[in-house]
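Participant: Below are the structure tokens for one structure; questions will follow.
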Amino acid sequence: MAPSWRLGACSLLTALWLLHCCSCGWSERTSGMAKGETKEQQLMSHERVKRGWVWNQFFVVEEYTGTEPLYVGKIHTDSDEGEGNIKYTISGQGAGTIFIIDELTGDIHATERLDREEQSYYTLRAQARDRLTNHLLESESEFIIKVQDINDSEPKFLEGPYIGSVAELSQMGTSVMKVTAWDADDPTYGSSARVVYSVLDRESFFTVDRQTGLIRTAVADLDRETQDRYELVVMATDMAGQMGGLSGSTTVTIVITDVNDNPPRFPQKMYQFSVSEGAAVGTPVGRVIATDADMGENTDMSYLIKDEEGGELFKVTTDGDTQEAVITIKKPLDFESKRTHNVVVEAVNKHVDPRFLELGSFRDQTIVRVSVTDADEPPVFLPAEGAIMEVQEDARLGALVGTATAKDPDKENAPVRFSIDPSTDQEQIFHIDPVSGAITLGKILDRETAGWHNITVTAVEADNVSQISHSSVSIRILDVNDNPPELARPYEASICEDAKPGQLIHTISVVDRDEPQSGQRFSFTLAPEATNNRHFTLWDVKDNTVGIRTQRSGFNRHEQNVYLLPILVVDTGPPALSSTGTLTIHVCGCDPEGAIQSCNATAYVISASLSPGALIALLVCMLILIVLVLLILTLKRHRKGQRMSEDEEDMRDNVIKYNDEGGGEQDTQAYDMSALRNLYDFPEAKSGSSESGPDLHALPQWIQGRVSGDGGAADFSLFKGYIRKKVEQADADLSVPPYDSFQTYAFEGTSSPALSLSSIHTLSTTSEQDFSYLSDWGPRFRQLAGYYAPGHPEEEGS
């Protein structure tokens, strides 16, 4: 510890000892009070009690460095008469360790060095007991020993080191930041904790307020580009800066932030680049960059081209990552036209601070010289955007359409050869001369088929076929009047029988595939074969349409219900072309309101007379139709006679035509029984009739044989009984149709002289059988025998 501090501490201890001795003389006795008695109760009590504690406030100076225990004070009770019968004891914080007491006298001493910054006071309790009986003579009382502060703690910057910032070129006195020091000494006692601040280094650039610790700029020309940070040493001194005070220091770093106070600058006033004339649009020529002493966004800049010529051929953009100016080609370059281009490029700051405009212009310029090198270029067409040619659609083969022009742009001016891209002229309508580029016709044109032809002409250098270029040629086909006008569509009109004269029936429009230069105009007249009609007339509407009006009244649809009115249409040419169209007019019956009710379909041509040739053709057609009808009827009758003869000969032919064996008696849908019904529709034979020839001929042959063999009438009782039974069943069954028909029933009879034949069985065997015996079974099996035994002469003859 410093000698000055030791001297001050000894003086303080001496003063405190004298004060304690004087207070013992005039101290008044305090009345004894039980623990927990309030101060107000003490003030209200004016009676002097018999016993009570007598002491003053206890203090002890911190940081005592003496070799003997430090006297603190004395506890005493007024019942103590000095006879040594009372024993004093203490308890509480530090009792017996830090603080000891003389049991006989009550003197308290501190045995250890105390630090107020660790504990500023101690709370203890005092007791007075009878030495012999150990009984309490006074109620236990609490007292406090305060640690007296001395200036033993220096100020400390708890938040240091500090880092602050201030913008460059800030005004003098601009606040930067605030620093604060803390002193552990007692701020309520003396000046031990009163701190003042000062700058030990860089005081020429920054100052600090002595009381508050606020740091401010001391100059107005701080330049980040010269020095971007400063380090200060700030000191804090207690005792208000007086002699003997303690001090502490900290480091303060002040960063100078950037402002946009520097313009961009090109390191060079001229840059040179070269590029080939064949370079495509958008090809980079070169890069230049302007430097800026600022930092961050204050270095952001944009580039532009100042001269008009350079702006037409070149374009400049800014690379966002490198802040470079990229010069690219905007239009194709031509070595033959100009070999060198001087482009003025300017750099401009994007974020300009208006406070620093007075420092100068925040932009800079440089010249970029671009040298164009020669390159072998393909032929160039004139015009470059493509040619348009015209030709009449009636032009002859080989006629000249136009001439394609192209030349070599290089200095050598090599010869050029022309051709037509086959994919654009697949029909080879046009030809081109490879040397002159003359385009001629290879086929006859038709404007109505194609009004325009778009072809691509190719030009190559004769000595370098890799140098090739293309140009589109549009050929327009000019119209000539080669198509007659026609009615827009087949027209039909309807009039009422009571139509009035002059009534407008219909309006007809005309189309023409041609496109005359002066527009389409048409004239309308009735065809020569209808000029003598007295029924209708034409009315020109003057807009290339014509209206049809009635010329008379009193039409009768029963006499003539359709009129065909031929109309001749003529265009204006040249040459004038015409065509005839027909208007179909129907005469209809109408109600009183004029609504059409019905129309007939017979047509009569409005004509004065028919030519002989037309009459002869009409008669020939009618004769041919009549002959065809008679021929068809004859063939039908001949076929019908054949079928009838076959049916009369053998009823079983019908079974063969069906190509189906049927399902027996239960199958009512397999056969058409109409033939059987017709065949069985015969009169009953008389037993005594002598003229049996016609009657027998009407019966089937197998019945005829039975009748002729027996010499009497056939027995039909079996059939009659079967039919009667079926009729009764049908009458009783409500689900059958309400009529009787042999088609519903099938009855084969009792037996058959022939054995059962199975076509299925016959086809399933591979053995050869002789079916010639079938012809002996009668006429019914004659055709069946022909199928199974076609090789016998008998069947072929039959």
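Ligands are numbered from 1 in the order shown, chains are lettered A, B, ... in the order of the structure tokens, and residues start at 1 in each chain.
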Show which residues sit within 9 Å of Thr207 of chain A, as number ranges by chain. Count only C-alpha atoms, and ignore same-chain residues fewer than 4 positions away.
Facilitator: A: 173, 198-199, 202-203, 214-218
Participant: So which bits of segment 309-462 of chain A end up strand (DSSP E or B) when you DSSP the backbone, as a PyMOL selection string?
Facilitator: chain A and resi 314-318+325-329+340-349+363-373+380-382+387-392+400-403+405-407+416-420+430-432+438-441+452-461
Participant: Using only C-alpha atoms, determine which residues lie at most 10 Å from segment 549-559 of chain A, disregarding the query and same-chain residues fewer than 3 positions distant; provide the list as a ChimeraX atom specification.
Facilitator: /A:495-507,533-539,546,562,586-589,598-602
Participant: Since we have the selection now, will you write its residues out, keeping N, CA, C and O atoms, as a CSV table (one decimal), in the first residue's frame?
Facilitator:
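The resulting result_0.csv:
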```csv
chain,number,residue,atom,x,y,z
A,495,ILE,N,-93.1,-19.0,-105.0
A,495,ILE,CA,-94.1,-17.9,-105.1
A,495,ILE,C,-95.5,-18.5,-104.8
A,495,ILE,O,-95.7,-19.7,-105.0
A,496,CYS,N,-96.4,-17.7,-104.4
A,496,CYS,CA,-97.7,-18.1,-104.2
A,496,CYS,C,-98.5,-18.0,-105.5
A,496,CYS,O,-98.1,-17.3,-106.5
A,497,GLU,N,-99.5,-18.8,-105.6
A,497,GLU,CA,-100.3,-18.8,-106.9
A,497,GLU,C,-101.0,-17.4,-107.1
A,497,GLU,O,-101.2,-17.0,-108.3
A,498,ASP,N,-101.2,-16.7,-106.1
A,498,ASP,CA,-101.9,-15.4,-106.2
A,498,ASP,C,-100.8,-14.2,-106.2
A,498,ASP,O,-101.1,-13.2,-105.7
A,499,ALA,N,-99.6,-14.5,-106.6
A,499,ALA,CA,-98.5,-13.5,-106.6
A,499,ALA,C,-98.9,-12.3,-107.5
A,499,ALA,O,-99.6,-12.5,-108.5
A,500,LYS,N,-98.5,-11.1,-107.1
A,500,LYS,CA,-98.9,-9.9,-107.8
A,500,LYS,C,-97.7,-9.6,-108.8
A,500,LYS,O,-96.6,-9.9,-108.5
A,501,PRO,N,-98.0,-8.8,-109.8
A,501,PRO,CA,-97.0,-8.4,-110.8
A,501,PRO,C,-96.0,-7.4,-110.0
A,501,PRO,O,-96.4,-6.6,-109.2
A,502,GLY,N,-94.7,-7.6,-110.4
A,502,GLY,CA,-93.7,-6.7,-109.7
A,502,GLY,C,-93.2,-7.2,-108.4
A,502,GLY,O,-92.4,-6.5,-107.7
A,503,GLN,N,-93.7,-8.3,-107.9
A,503,GLN,CA,-93.3,-8.8,-106.6
A,503,GLN,C,-91.9,-9.4,-106.6
A,503,GLN,O,-91.5,-10.1,-107.5
A,504,LEU,N,-91.0,-9.0,-105.7
A,504,LEU,CA,-89.6,-9.5,-105.6
A,504,LEU,C,-89.7,-10.9,-105.1
A,504,LEU,O,-90.1,-11.1,-103.9
A,505,ILE,N,-89.1,-11.8,-105.8
A,505,ILE,CA,-89.2,-13.2,-105.4
A,505,ILE,C,-87.9,-13.6,-104.7
A,505,ILE,O,-87.9,-14.2,-103.6
A,506,HIS,N,-86.7,-13.3,-105.3
A,506,HIS,CA,-85.5,-13.7,-104.8
A,506,HIS,C,-84.4,-12.8,-105.2
A,506,HIS,O,-84.5,-12.0,-106.2
A,507,THR,N,-83.2,-12.8,-104.5
A,507,THR,CA,-82.1,-12.0,-104.9
A,507,THR,C,-80.9,-13.0,-105.1
A,507,THR,O,-80.7,-13.9,-104.2
A,533,ASN,N,-90.1,-15.1,-122.3
A,533,ASN,CA,-91.0,-15.5,-121.2
A,533,ASN,C,-91.8,-14.2,-120.8
A,533,ASN,O,-91.2,-13.1,-120.8
A,534,ARG,N,-93.0,-14.4,-120.3
A,534,ARG,CA,-93.8,-13.3,-119.8
A,534,ARG,C,-94.2,-13.5,-118.4
A,534,ARG,O,-95.1,-12.9,-117.9
A,535,HIS,N,-93.3,-14.3,-117.7
A,535,HIS,CA,-93.6,-14.6,-116.3
A,535,HIS,C,-92.8,-13.8,-115.3
A,535,HIS,O,-93.2,-13.3,-114.3
A,536,PHE,N,-91.5,-13.7,-115.6
A,536,PHE,CA,-90.5,-13.1,-114.7
A,536,PHE,C,-89.6,-12.1,-115.4
A,536,PHE,O,-89.4,-12.2,-116.6
A,537,THR,N,-89.1,-11.2,-114.6
A,537,THR,CA,-88.1,-10.2,-115.2
A,537,THR,C,-87.0,-10.0,-114.1
A,537,THR,O,-87.2,-10.3,-112.9
A,538,LEU,N,-85.8,-9.4,-114.6
A,538,LEU,CA,-84.7,-9.2,-113.7
A,538,LEU,C,-84.6,-7.7,-113.3
A,538,LEU,O,-85.0,-6.9,-114.1
A,539,TRP,N,-84.1,-7.5,-112.1
A,539,TRP,CA,-84.0,-6.2,-111.6
A,539,TRP,C,-82.5,-6.0,-111.0
A,539,TRP,O,-82.2,-6.7,-110.0
A,546,VAL,N,-78.7,-9.4,-108.4
A,546,VAL,CA,-79.8,-9.2,-109.2
A,546,VAL,C,-81.1,-9.8,-108.5
A,546,VAL,O,-81.0,-10.8,-107.8
A,562,VAL,N,-93.4,-25.6,-111.4
A,562,VAL,CA,-92.0,-25.3,-111.4
A,562,VAL,C,-91.6,-24.6,-112.6
A,562,VAL,O,-92.0,-25.0,-113.7
A,586,HIS,N,-90.6,-22.4,-107.6
A,586,HIS,CA,-91.7,-23.3,-107.3
A,586,HIS,C,-93.0,-22.5,-107.1
A,586,HIS,O,-93.0,-21.5,-106.4
A,587,VAL,N,-94.1,-23.0,-107.7
A,587,VAL,CA,-95.4,-22.4,-107.5
A,587,VAL,C,-96.1,-23.2,-106.4
A,587,VAL,O,-96.3,-24.4,-106.5
A,588,CYS,N,-96.5,-22.5,-105.3
A,588,CYS,CA,-97.0,-23.2,-104.2
A,588,CYS,C,-98.4,-22.6,-103.8
A,588,CYS,O,-98.8,-21.5,-104.1
A,589,GLY,N,-99.2,-23.5,-103.1
A,589,GLY,CA,-100.4,-23.0,-102.6
A,589,GLY,C,-100.2,-22.4,-101.2
A,589,GLY,O,-99.4,-22.9,-100.4
A,598,SER,N,-98.3,-26.0,-99.6
A,598,SER,CA,-97.7,-27.2,-100.3
A,598,SER,C,-97.3,-26.7,-101.7
A,598,SER,O,-97.7,-25.7,-102.3
A,599,CYS,N,-96.3,-27.5,-102.2
A,599,CYS,CA,-95.7,-27.3,-103.5
A,599,CYS,C,-95.6,-28.6,-104.2
A,599,CYS,O,-95.3,-29.6,-103.6
A,600,ASN,N,-95.8,-28.7,-105.6
A,600,ASN,CA,-95.6,-29.9,-106.4
A,600,ASN,C,-94.2,-29.9,-106.9
A,600,ASN,O,-93.4,-28.9,-106.8
A,601,ALA,N,-93.9,-31.0,-107.6
A,601,ALA,CA,-92.5,-31.2,-108.0
A,601,ALA,C,-92.3,-31.3,-109.5
A,601,ALA,O,-91.2,-31.7,-110.0
A,602,THR,N,-93.3,-31.1,-110.3
A,602,THR,CA,-93.1,-31.2,-111.8
A,602,THR,C,-92.5,-29.9,-112.3
A,602,THR,O,-92.9,-28.8,-112.0
```
Participant: Would you please work out which residue, of A:Thr89, A:Thr174, A:Ser494, A:Gln211, is nearest to Gly241 of chain A when using only C-alpha atoms?
Facilitator: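 Among the listed residues, A:Gln211 lies closest to Gly241 of chain A.
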Participant: Fewer than 3 positions away in the same chain doesn't count, so skip those; otherwise give me all residues within 12 Å of segment 103-106 of chain A, counting only C-alpha atoms, as an MDAnalysis selection string.
Facilitator: chainID A and resid 53:55 71:77 80:90 96 99:100 109 126:131
Participant: Taking the backbone alone, and naming residues the way the document does, which bits of segment 160-392 of chain A are alpha helix (DSSP H) by DSSP, as a list in words?
Facilitator: Glu308, Glu309, Gly310, Gly311, Glu312 and Leu313 of chain A
Participant: Excluding Asp353 of chain A and any residue of its chain fewer than 4 positions from it, enumerate the residues within 8 Å of it, using only C-alpha atoms, and give them as a list in words.
Facilitator: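 So the residues in contact are Val259, Asn260, Asp261 and Leu357 of chain A.
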Participant: With a distance cut-off of 12 Å and only C-alpha atoms, select the neighbouring residues of segment 366-374 of chain A, excluding the residue or stretch itself and same-chain residues fewer than 6 positions from it, and output the selection as a compact mmCIF listing (two decimals) with N, CA, C and O atoms, in the first residue's frame.
Facilitator:
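File produced: result37.txt:
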```txt
# COMPACT_ATOMS: atom_id res chain seq x y z
N PRO A 264 -15.79 7.25 -59.46
CA PRO A 264 -15.06 6.18 -60.15
C PRO A 264 -13.96 6.75 -61.05
O PRO A 264 -14.10 7.86 -61.59
N ARG A 265 -12.88 5.98 -61.21
CA ARG A 265 -11.76 6.42 -62.03
C ARG A 265 -11.26 5.24 -62.87
O ARG A 265 -11.07 4.14 -62.35
N PHE A 266 -11.08 5.49 -64.18
CA PHE A 266 -10.49 4.49 -65.06
C PHE A 266 -8.97 4.54 -64.90
O PHE A 266 -8.36 5.62 -64.99
N PRO A 267 -8.33 3.41 -64.71
CA PRO A 267 -6.87 3.42 -64.60
C PRO A 267 -6.17 3.89 -65.88
O PRO A 267 -5.07 4.43 -65.83
N GLN A 268 -6.83 3.67 -67.04
CA GLN A 268 -6.25 4.07 -68.31
C GLN A 268 -7.24 4.97 -69.04
O GLN A 268 -8.46 4.84 -68.88
N LYS A 269 -6.69 5.83 -69.86
CA LYS A 269 -7.54 6.72 -70.66
C LYS A 269 -7.87 6.12 -72.01
O LYS A 269 -8.69 6.67 -72.73
N MET A 270 -7.25 4.99 -72.38
CA MET A 270 -7.56 4.34 -73.65
C MET A 270 -7.29 2.84 -73.52
O MET A 270 -6.31 2.42 -72.92
N TYR A 271 -8.22 2.06 -74.10
CA TYR A 271 -8.08 0.61 -74.17
C TYR A 271 -8.21 0.20 -75.63
O TYR A 271 -8.97 0.83 -76.40
N GLN A 272 -7.53 -0.86 -76.05
CA GLN A 272 -7.57 -1.32 -77.43
C GLN A 272 -7.97 -2.80 -77.45
O GLN A 272 -7.43 -3.61 -76.69
N PHE A 273 -8.92 -3.10 -78.39
CA PHE A 273 -9.37 -4.47 -78.61
C PHE A 273 -9.52 -4.68 -80.11
O PHE A 273 -9.64 -3.71 -80.89
N SER A 274 -9.55 -5.95 -80.52
CA SER A 274 -9.77 -6.30 -81.93
C SER A 274 -10.82 -7.39 -82.00
O SER A 274 -10.92 -8.24 -81.11
N VAL A 275 -11.57 -7.38 -83.12
CA VAL A 275 -12.63 -8.36 -83.31
C VAL A 275 -12.80 -8.59 -84.80
O VAL A 275 -12.60 -7.67 -85.60
N SER A 276 -13.16 -9.82 -85.17
CA SER A 276 -13.36 -10.16 -86.58
C SER A 276 -14.69 -9.61 -87.06
O SER A 276 -15.68 -9.56 -86.32
N GLU A 277 -14.73 -9.22 -88.33
CA GLU A 277 -15.98 -8.70 -88.89
C GLU A 277 -17.05 -9.78 -88.98
O GLU A 277 -18.24 -9.47 -89.07
N GLY A 278 -16.63 -11.04 -88.94
CA GLY A 278 -17.60 -12.13 -88.99
C GLY A 278 -18.19 -12.50 -87.64
O GLY A 278 -19.00 -13.42 -87.56
N ALA A 279 -17.79 -11.80 -86.57
CA ALA A 279 -18.32 -12.11 -85.25
C ALA A 279 -19.83 -11.83 -85.20
O ALA A 279 -20.31 -10.83 -85.74
N PRO A 284 -18.76 -10.71 -77.15
CA PRO A 284 -18.00 -9.74 -76.34
C PRO A 284 -16.73 -9.29 -77.06
O PRO A 284 -16.01 -10.10 -77.64
N VAL A 285 -16.50 -7.98 -77.01
CA VAL A 285 -15.29 -7.41 -77.60
C VAL A 285 -14.18 -7.31 -76.55
O VAL A 285 -13.02 -7.63 -76.82
N GLY A 286 -14.50 -6.88 -75.36
CA GLY A 286 -13.53 -6.74 -74.29
C GLY A 286 -14.18 -6.24 -73.02
O GLY A 286 -15.38 -5.93 -72.99
N ARG A 287 -13.36 -6.14 -71.95
CA ARG A 287 -13.84 -5.68 -70.65
C ARG A 287 -12.93 -4.58 -70.12
O ARG A 287 -11.70 -4.67 -70.27
N VAL A 288 -13.52 -3.56 -69.53
CA VAL A 288 -12.78 -2.50 -68.84
C VAL A 288 -13.43 -2.29 -67.49
O VAL A 288 -14.60 -2.64 -67.28
N ILE A 289 -12.68 -1.71 -66.55
CA ILE A 289 -13.22 -1.50 -65.21
C ILE A 289 -12.72 -0.17 -64.67
O ILE A 289 -11.58 0.23 -64.92
N ALA A 290 -13.58 0.52 -63.97
CA ALA A 290 -13.23 1.75 -63.27
C ALA A 290 -13.13 1.44 -61.78
O ALA A 290 -13.95 0.69 -61.24
N TYR A 303 -22.23 1.63 -66.53
CA TYR A 303 -21.45 2.11 -67.68
C TYR A 303 -22.40 2.43 -68.83
O TYR A 303 -23.45 1.79 -69.00
N LEU A 304 -22.00 3.39 -69.64
CA LEU A 304 -22.78 3.75 -70.81
C LEU A 304 -21.83 4.26 -71.89
O LEU A 304 -20.70 4.68 -71.62
N ILE A 305 -22.32 4.20 -73.15
CA ILE A 305 -21.54 4.67 -74.30
C ILE A 305 -22.01 6.08 -74.62
O ILE A 305 -23.22 6.31 -74.83
N LYS A 306 -21.07 7.01 -74.69
CA LYS A 306 -21.43 8.42 -74.85
C LYS A 306 -21.58 8.82 -76.31
O LYS A 306 -22.46 9.61 -76.65
N ASP A 307 -20.73 8.30 -77.22
CA ASP A 307 -20.79 8.77 -78.61
C ASP A 307 -21.87 8.02 -79.36
O ASP A 307 -22.16 6.85 -79.11
N GLY A 310 -20.62 4.91 -81.70
CA GLY A 310 -20.34 3.70 -80.93
C GLY A 310 -21.60 3.06 -80.37
O GLY A 310 -21.69 1.85 -80.25
N LEU A 313 -23.23 0.61 -82.97
CA LEU A 313 -22.57 -0.66 -83.29
C LEU A 313 -22.27 -1.50 -82.06
O LEU A 313 -22.15 -2.72 -82.17
N PHE A 314 -22.13 -0.86 -80.89
CA PHE A 314 -21.71 -1.59 -79.70
C PHE A 314 -22.67 -1.32 -78.54
O PHE A 314 -23.38 -0.31 -78.52
N VAL A 316 -22.81 -1.74 -74.07
CA VAL A 316 -22.03 -1.97 -72.86
C VAL A 316 -22.97 -2.36 -71.73
O VAL A 316 -24.06 -1.78 -71.58
N ALA A 325 -17.13 -3.35 -67.08
CA ALA A 325 -17.91 -2.97 -68.25
C ALA A 325 -17.61 -3.96 -69.37
O ALA A 325 -16.46 -4.12 -69.77
N VAL A 326 -18.67 -4.63 -69.88
CA VAL A 326 -18.53 -5.62 -70.94
C VAL A 326 -19.03 -4.99 -72.24
O VAL A 326 -20.22 -4.66 -72.35
N ILE A 327 -18.14 -4.82 -73.22
CA ILE A 327 -18.51 -4.24 -74.51
C ILE A 327 -18.80 -5.37 -75.47
O ILE A 327 -17.98 -6.28 -75.66
N THR A 328 -20.02 -5.40 -76.05
CA THR A 328 -20.44 -6.43 -76.99
C THR A 328 -20.88 -5.79 -78.30
O THR A 328 -21.14 -4.58 -78.37
N ILE A 329 -20.96 -6.64 -79.36
CA ILE A 329 -21.35 -6.17 -80.69
C ILE A 329 -22.87 -6.04 -80.74
O ILE A 329 -23.60 -6.97 -80.38
N PRO A 332 -23.78 -6.06 -86.94
CA PRO A 332 -22.64 -6.67 -87.64
C PRO A 332 -21.63 -5.61 -88.08
O PRO A 332 -21.98 -4.51 -88.52
N LEU A 333 -20.35 -5.96 -87.95
CA LEU A 333 -19.27 -5.06 -88.33
C LEU A 333 -18.84 -5.38 -89.76
O LEU A 333 -18.97 -6.51 -90.24
N ASP A 334 -18.30 -4.36 -90.45
CA ASP A 334 -17.87 -4.52 -91.84
C ASP A 334 -16.46 -3.95 -91.98
O ASP A 334 -16.25 -2.74 -91.83
N PHE A 335 -15.54 -4.85 -92.25
CA PHE A 335 -14.15 -4.44 -92.41
C PHE A 335 -13.99 -3.52 -93.61
O PHE A 335 -13.19 -2.57 -93.58
N GLU A 336 -14.76 -3.78 -94.68
CA GLU A 336 -14.62 -3.00 -95.89
C GLU A 336 -15.16 -1.57 -95.71
O GLU A 336 -14.71 -0.65 -96.40
N SER A 337 -16.11 -1.40 -94.81
CA SER A 337 -16.68 -0.06 -94.59
C SER A 337 -15.83 0.75 -93.62
O SER A 337 -15.49 1.91 -93.90
N LYS A 338 -15.47 0.19 -92.47
CA LYS A 338 -14.68 0.92 -91.47
C LYS A 338 -13.89 -0.09 -90.66
O LYS A 338 -14.46 -1.07 -90.18
N ARG A 339 -12.60 0.18 -90.50
CA ARG A 339 -11.73 -0.78 -89.85
C ARG A 339 -11.48 -0.47 -88.38
O ARG A 339 -11.04 -1.35 -87.65
N THR A 340 -11.71 0.76 -87.94
CA THR A 340 -11.44 1.13 -86.54
C THR A 340 -12.62 1.94 -86.01
O THR A 340 -13.12 2.84 -86.70
N HIS A 341 -13.00 1.64 -84.77
CA HIS A 341 -14.09 2.36 -84.11
C HIS A 341 -13.61 2.81 -82.74
O HIS A 341 -13.05 1.99 -81.98
N ASN A 342 -13.80 4.07 -82.44
CA ASN A 342 -13.47 4.63 -81.12
C ASN A 342 -14.76 4.81 -80.33
O ASN A 342 -15.63 5.59 -80.71
N VAL A 343 -14.85 4.08 -79.23
CA VAL A 343 -16.06 4.08 -78.41
C VAL A 343 -15.73 4.75 -77.08
O VAL A 343 -14.78 4.36 -76.39
N VAL A 344 -16.52 5.79 -76.72
CA VAL A 344 -16.34 6.51 -75.45
C VAL A 344 -17.23 5.85 -74.40
O VAL A 344 -18.47 5.87 -74.51
N VAL A 345 -16.59 5.27 -73.38
CA VAL A 345 -17.31 4.59 -72.31
C VAL A 345 -17.22 5.44 -71.05
O VAL A 345 -16.13 5.91 -70.68
N GLU A 346 -18.35 5.64 -70.38
CA GLU A 346 -18.41 6.46 -69.17
C GLU A 346 -18.89 5.60 -68.01
O GLU A 346 -19.82 4.80 -68.14
N ALA A 347 -18.23 5.78 -66.84
CA ALA A 347 -18.62 5.10 -65.60
C ALA A 347 -19.27 6.10 -64.67
O ALA A 347 -18.74 7.21 -64.46
N VAL A 348 -20.41 5.75 -64.09
CA VAL A 348 -21.18 6.64 -63.23
C VAL A 348 -21.55 5.89 -61.96
O VAL A 348 -21.98 4.73 -62.00
N PRO A 409 -19.01 -9.55 -100.58
CA PRO A 409 -18.66 -8.27 -99.95
C PRO A 409 -17.16 -8.08 -99.73
O PRO A 409 -16.73 -6.98 -99.38
N ASP A 410 -16.36 -9.15 -99.88
CA ASP A 410 -14.93 -9.03 -99.66
C ASP A 410 -14.27 -8.26 -100.80
O ASP A 410 -14.85 -8.04 -101.88
N LYS A 411 -13.00 -7.88 -100.55
CA LYS A 411 -12.27 -7.12 -101.56
C LYS A 411 -12.03 -7.94 -102.82
O LYS A 411 -11.96 -7.39 -103.92
N GLU A 412 -11.93 -9.27 -102.69
CA GLU A 412 -11.67 -10.09 -103.86
C GLU A 412 -12.85 -10.11 -104.82
O GLU A 412 -12.68 -10.32 -106.03
```
Participant: Any idea what's packed within 12 Å of segment 382-399 of chain A, counting only C-alpha atoms, ignoring anything in its chain fewer than 5 positions away? Could you give it as a PyMOL selection string?
Facilitator: chain A and resi 404-409+429-433+437-459+469-482+514-515
Participant: Just the number, please: distance in Å from atom CA of Leu568 of chain A to atom CA of Ala614 of chain A, one decimal.
Facilitator: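 According to the coordinates, atom CA of Leu568 of chain A and atom CA of Ala614 of chain A are separated by 21.5 Å.
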